[in-house]
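Below you'll find the structure, written out as structure tokens, and then a few comments.
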Amino acid sequence: MSSTSKAPKNAKKSSLKDRGNLFDIAMAQVEKAADVVGLAPKVRAILAQPKNELIINFPVQMDDGSWKMFKGYRVQHNNLLGPYKGGMRYHHEANLDEMKALASWMTYKSALHDIPFGGGKGGVRVNPSTLSAREKERLTRRFTHALGDNIGPEWDIPAPDVGTDGQVMVWMMDTYMNVAGYSDKNAVRRVVTGKTIHSGGSHGRSEATGLGLVYCIEEWAKDAELDLDGCTFTVQGFGNVGSHLANLLTKRGAVLVGTGDHGGYIANPEGLNPHKLRQYMAKTGTVAKYQGAKEISREEFFGLECDIFIPAALELEIGPDEAKSLKCKMIAEGANGPTYPEAESILKERGIEVIPDVLANSGGVVVSYFEWLQNKRSERWELEEVREKLHRRMSSTYRAVRQCATQRKLDMRTATYVIALERLQHSYSERGIFP
Ligand code: GLU
């Protein structure tokens, strides 16, 4: 486990594949915590690589009648504590090393919360905005069929991620159900989570990652003695995570002063209305050129004065340059892996605290677990019940991480991994390996 990746000065100038090996970065983060824990070499060796890495090349018929080949992935990092669990991403830069990193982060998210899941991640290398709805459906069904028994309700359970949503999950579920034995059809609906409400999804799942972030921010604000009512924040990325987060934080009195995505960046020191922004985004596909806000550059966005900055776009957006220009008190990582290690040390020097991805954005997988449980028990929980249960888990896990960080003098990221690694180590040392 060693990091060979170097951050470009300005993270955005390069495409994802030029930004270094994400899996090396993920492993370096774990390595630091493994030293604190005194992780046994044999457990380090197991966690240093995924158990299974699957690449599937499959054809899809396009609307014009042509056939096109696509590359699909599913990486299964670890299933010691329960079935592999994690999202399916549709993105034109999806690649194996990225999937490996994302899958490993899922292992640590589940272990951190002590939920009975392991870690996995997958997806298809495609720009979903170039597909018609019918093409997206055919691609999803063909990919799911090609995955066959590599997914399953007690084996590997996909969920939404970048470029996928509840509808994509419902197509996956339906495809899997239709090849499952006739009498098992309904029993297997928990093969995916993040489904729409009508097709077996849980109330509160689509807002869950954003709400989980808010619960973490509330805990942090108590410690920092900051009143969320009237504090300012910026969000990079206004997709499912960013838009829900902005809405929920605004309801608590915080003011959204800047946001942006692949289309461009905007700012308004008087505050942006997340509800209207979301409606605008649904029409145009970007927040850029939203009326009632000033257009700004990416550099200006990272220099905006605010209390809290929430990266909620893709990985590796905060390089050394961004870390130097940020003018916030705290960063809550809505995205997975948004911060380069070099940037992290600059933030530390500057006294900017980071609530790490594995903790901050774990509300999604927590409510996925609730959905899986509801399906298994043929239950439907009310929205308030889901929110209350999520609140309890996020705040108690946040407190455990904070306590570990304080007692052992660690940053929050390392403390997060320490808790997860200790759980995994205990289980490995009791169970050993077979035979
Ligand atoms: N894709 C989400 C994540 O990165 C959710 C995973 C899940 O619900 O299984 O955490």
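Labeling convention for the structure tokens: chains A, B, ... as they appear, residues from 1 per chain, ligands from 1 in order of appearance.
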*Could I get the residue neighbourhood of ligand 1 at 9 Å, counting only C-alpha atoms and all ligand atoms, as a VMD selection string?*
chain A and resid 84 to 89 102 to 103 105 to 106 109 119 to 121 157 to 162 192 to 194 205 209 335 to 336 357 to 358 361 to 369
_Could you list, as a ChimeraX atom specification, every residue within 8 Å of range 41-55 of chain A, counting only C-alpha atoms and ignoring same-chain residues fewer than 2 positions away?_
/A:1,27,34,39,57,71-78,100,103-104,425,428
*Residue contacts of Arg399 in chain A (9 Å, only C-alpha atoms) excluding same-chain residues fewer than 5 positions away, as a ChimeraX atom specification*: /A:219,394,404
*For CA of Gln236 in chain A and CA of Lys276 in chain A, quote the distance in Å rounded to one decimal.*
16.9 Å
*From a DSSP calculation on the backbone, collect every residue of range 198-302 of chain A in helix (DSSP H, G or I) and output the set as number ranges by chain.*
A: 198-199, 208-224, 240-251, 274-284, 298-302
*Running DSSP on the backbone, which parts of range 298-403 of chain A land in strand (DSSP E), as a ChimeraX atom specification?*
/A:308-311,330-332,353-355
_Give me the residues near Gln61 in chain A as a ChimeraX atom specification, where near means some atom within 10 Å (using only C-alpha atoms) and where sequence neighbours in that chain fewer than 5 positions away do not count._
/A:66-69,134-135,138-139,142
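Among the candidates A:Ala267, A:Val401, A:Leu213, A:Leu96, the residue lying nearest to Glu295 in chain A is A:Ala267 (atoms considered: only C-alpha atoms).
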